[in-house]
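K.L.:
Structure provided below as structure tokens; questions to follow.
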Amino acid sequence: MVLSLAPTTMAPLPPVPAAARAVPGHNRWHPDIPGVAEVITGGSVRLECEGRPPGGEPVLCGPIVVIGAEAGDVIVVDVLGVGPPGGHPVPTGHPGVIGCAPAPHAVHTPSDAAPGGPAGAEGALLGRVRPGLAGYDQVAAQAVPTAARGREVGGCGIAPLTAGSRILLPVHARGAKLSVGDLHFPSRGALDCRTAALPGWIDLRINLTRRGIERFGITGPMLMPDPDTA
């Protein structure tokens with residue numbers, strides 16, 4: 001994954017140079033997966049994400065820490081553009097998965113682990129929490145795969161978040177820890193997310209709303225897709 005941070009902008013961010021800092025992706029969710037960058041409310045970020053073969057688990061970019069975000073808040077994420085590596089924005093491009101880290105109490109407990117080793121260790125990618133590092137086994141055992149989170153995360157299984165779309169995401173852990181990935185570039189009118197995801201970039205603008213869960217009664221992602229593709 002390659003990322004670039006920039007001030008708020010209404011236009012997609014410029015291409016990220018090859019020398020930009022690369023960081024590992026993740027295919028599990030856990031509040032202890034370290035953030036790879038921070039963004040202030042109103043800021044924008046470009047993430048370059050890996051692809052996924054058919055049937056494979058989504059490899060996500062992030063997590064992005066939203067400064068000041070606490071459990072009970074809501075982040076408002078605007079999709080500014082989606083495109084292939086080094087290419088121009090694709091109008092139908094959209095992420096297959098987007099969401100915030102789960103609450104600490106929502107991850108697997110030690111009693112959930114299978115005998116003989118961590119329940120989620122096989123095939124687990126945990127960003128900067130790598131095998132051999134302190135804490136890897138515990139995080140791998142507790143981490144939750146995307147499929148197990150259900151409607152706690154948004155994505156094209158609900159509606160395609162093409163450029164011009166907005167999604168409201170409840171915050172469950174300090175910093176929100178926003179992750180996104182599994183990018184798709186279908187032909188217009190063919191928004192099927194079961195096909196292989198391709199590598200590419202996505203530009204997002206993020207705003208923080210304090211106590212948004214209580215104020216707006218949001219219990220899960222609230223999608224506002226681009227009306228031209230909804």
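In the structure tokens, chains take letters A, B, ... by order of appearance, with residues numbered from 1 within each chain and ligands from 1 in the order shown.
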Set the distance at 9 Å and use only C-alpha atoms: which residues neighbour segment 49-62 of chain A once local chain neighbours fewer than 6 positions away are removed? I'd like the list as a ChimeraX atom specification.

P.N.:
/A:1-3,23-28,34-37,85,96-98,125,127,145-147,177-183,194-202

K.L.:
Env of segment 210-222 of chain A: 8 Å cut, atoms = only C-alpha atoms, seq-sep filter 6 positions within chain, self excluded. Answer as a PyMOL selection string.

P.N.:
chain A and resi 69+72-74+99+151-154+167-170

K.L.:
Write a file of the just-selected residues containing N, CA, C and O atoms, as a PDB file, in the first residue's frame.

P.N.:
```pdb
ATOM      1  N   ALA A  69     -10.904  11.344  17.019  1.00  0.00           N
ATOM      2  CA  ALA A  69     -12.069  10.459  16.967  1.00  0.00           C
ATOM      3  C   ALA A  69     -12.091   9.526  18.170  1.00  0.00           C
ATOM      4  O   ALA A  69     -11.070   8.960  18.554  1.00  0.00           O
ATOM      5  N   GLY A  72     -18.224   6.251  19.628  1.00  0.00           N
ATOM      6  CA  GLY A  72     -19.461   7.016  19.706  1.00  0.00           C
ATOM      7  C   GLY A  72     -19.542   8.137  18.690  1.00  0.00           C
ATOM      8  O   GLY A  72     -20.622   8.670  18.433  1.00  0.00           O
ATOM      9  N   ASP A  73     -18.390   8.501  18.106  1.00  0.00           N
ATOM     10  CA  ASP A  73     -18.383   9.510  17.047  1.00  0.00           C
ATOM     11  C   ASP A  73     -18.771   8.869  15.717  1.00  0.00           C
ATOM     12  O   ASP A  73     -18.944   7.650  15.609  1.00  0.00           O
ATOM     13  N   VAL A  74     -18.880   9.694  14.692  1.00  0.00           N
ATOM     14  CA  VAL A  74     -19.121   9.243  13.322  1.00  0.00           C
ATOM     15  C   VAL A  74     -18.137   9.963  12.416  1.00  0.00           C
ATOM     16  O   VAL A  74     -17.893  11.166  12.585  1.00  0.00           O
ATOM     17  N   GLY A  99     -14.525   0.590   6.198  1.00  0.00           N
ATOM     18  CA  GLY A  99     -15.062   0.570   7.549  1.00  0.00           C
ATOM     19  C   GLY A  99     -14.032   1.010   8.570  1.00  0.00           C
ATOM     20  O   GLY A  99     -12.871   1.274   8.247  1.00  0.00           O
ATOM     21  N   ARG A 151     -22.745  -6.253   8.461  1.00  0.00           N
ATOM     22  CA  ARG A 151     -23.147  -4.878   8.160  1.00  0.00           C
ATOM     23  C   ARG A 151     -22.418  -3.842   9.011  1.00  0.00           C
ATOM     24  O   ARG A 151     -22.782  -2.664   8.986  1.00  0.00           O
ATOM     25  N   GLU A 152     -21.399  -4.256   9.779  1.00  0.00           N
ATOM     26  CA  GLU A 152     -20.592  -3.272  10.500  1.00  0.00           C
ATOM     27  C   GLU A 152     -19.682  -2.496   9.553  1.00  0.00           C
ATOM     28  O   GLU A 152     -19.163  -1.441   9.914  1.00  0.00           O
ATOM     29  N   VAL A 153     -19.448  -3.041   8.354  1.00  0.00           N
ATOM     30  CA  VAL A 153     -18.623  -2.359   7.359  1.00  0.00           C
ATOM     31  C   VAL A 153     -19.445  -2.154   6.099  1.00  0.00           C
ATOM     32  O   VAL A 153     -20.404  -2.879   5.832  1.00  0.00           O
ATOM     33  N   GLY A 154     -19.069  -1.138   5.331  1.00  0.00           N
ATOM     34  CA  GLY A 154     -19.770  -0.853   4.095  1.00  0.00           C
ATOM     35  C   GLY A 154     -19.019  -1.424   2.909  1.00  0.00           C
ATOM     36  O   GLY A 154     -17.897  -1.903   3.019  1.00  0.00           O
ATOM     37  N   ILE A 167     -20.209   8.119   2.687  1.00  0.00           N
ATOM     38  CA  ILE A 167     -20.611   7.103   3.646  1.00  0.00           C
ATOM     39  C   ILE A 167     -20.339   7.609   5.052  1.00  0.00           C
ATOM     40  O   ILE A 167     -19.305   8.229   5.309  1.00  0.00           O
ATOM     41  N   LEU A 168     -21.299   7.392   5.947  1.00  0.00           N
ATOM     42  CA  LEU A 168     -21.151   7.723   7.361  1.00  0.00           C
ATOM     43  C   LEU A 168     -20.817   6.434   8.101  1.00  0.00           C
ATOM     44  O   LEU A 168     -21.542   5.435   7.984  1.00  0.00           O
ATOM     45  N   LEU A 169     -19.712   6.452   8.852  1.00  0.00           N
ATOM     46  CA  LEU A 169     -19.232   5.252   9.525  1.00  0.00           C
ATOM     47  C   LEU A 169     -19.163   5.478  11.033  1.00  0.00           C
ATOM     48  O   LEU A 169     -18.495   6.409  11.495  1.00  0.00           O
ATOM     49  N   PRO A 170     -19.836   4.634  11.825  1.00  0.00           N
ATOM     50  CA  PRO A 170     -19.715   4.735  13.281  1.00  0.00           C
ATOM     51  C   PRO A 170     -18.292   4.421  13.728  1.00  0.00           C
ATOM     52  O   PRO A 170     -17.628   3.550  13.166  1.00  0.00           O
TER      53      PRO A 170
END
```

K.L.:
If you count only C-alpha atoms, which residues fall within 10 Å of Pro89 of chain A, apart from same-chain ones fewer than 6 positions away, as an MDAnalysis selection string?

P.N.:
chainID A and resid 12 80:83 163 185 200:203

K.L.:
How many Å lie between atom CA of Ser44 of chain A and atom CA of Val77 of chain A, rounded to one decimal?

P.N.:
9.4 Å

K.L.:
Excluding same-chain residues fewer than 5 positions from Ala101 of chain A, what lies within 8 Å of it counting only C-alpha atoms, as a count of residues only?

P.N.:
11

K.L.:
What are the DSSP strand (DSSP E) residues of segment 6-227 of chain A, as an MDAnalysis selection string?

P.N.:
chainID A and resid 6 28:29 37:39 43:49 60:66 74:83 94:100 144:145 166:170 178:184 200:209 222:224

K.L.:
What does the distance between atom CA of Met224 of chain A and atom CA of Pro160 of chain A come to in Å, to one decimal place?

P.N.:
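Straight-line distance from atom CA of Met224 of chain A to atom CA of Pro160 of chain A works out to 9.5 Å.
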
K.L.:
Among segment 24-199 of chain A, which ones does DSSP place in alpha helix (DSSP H), written as an MDAnalysis selection string?

P.N.:
chainID A and resid 136:142 146:149
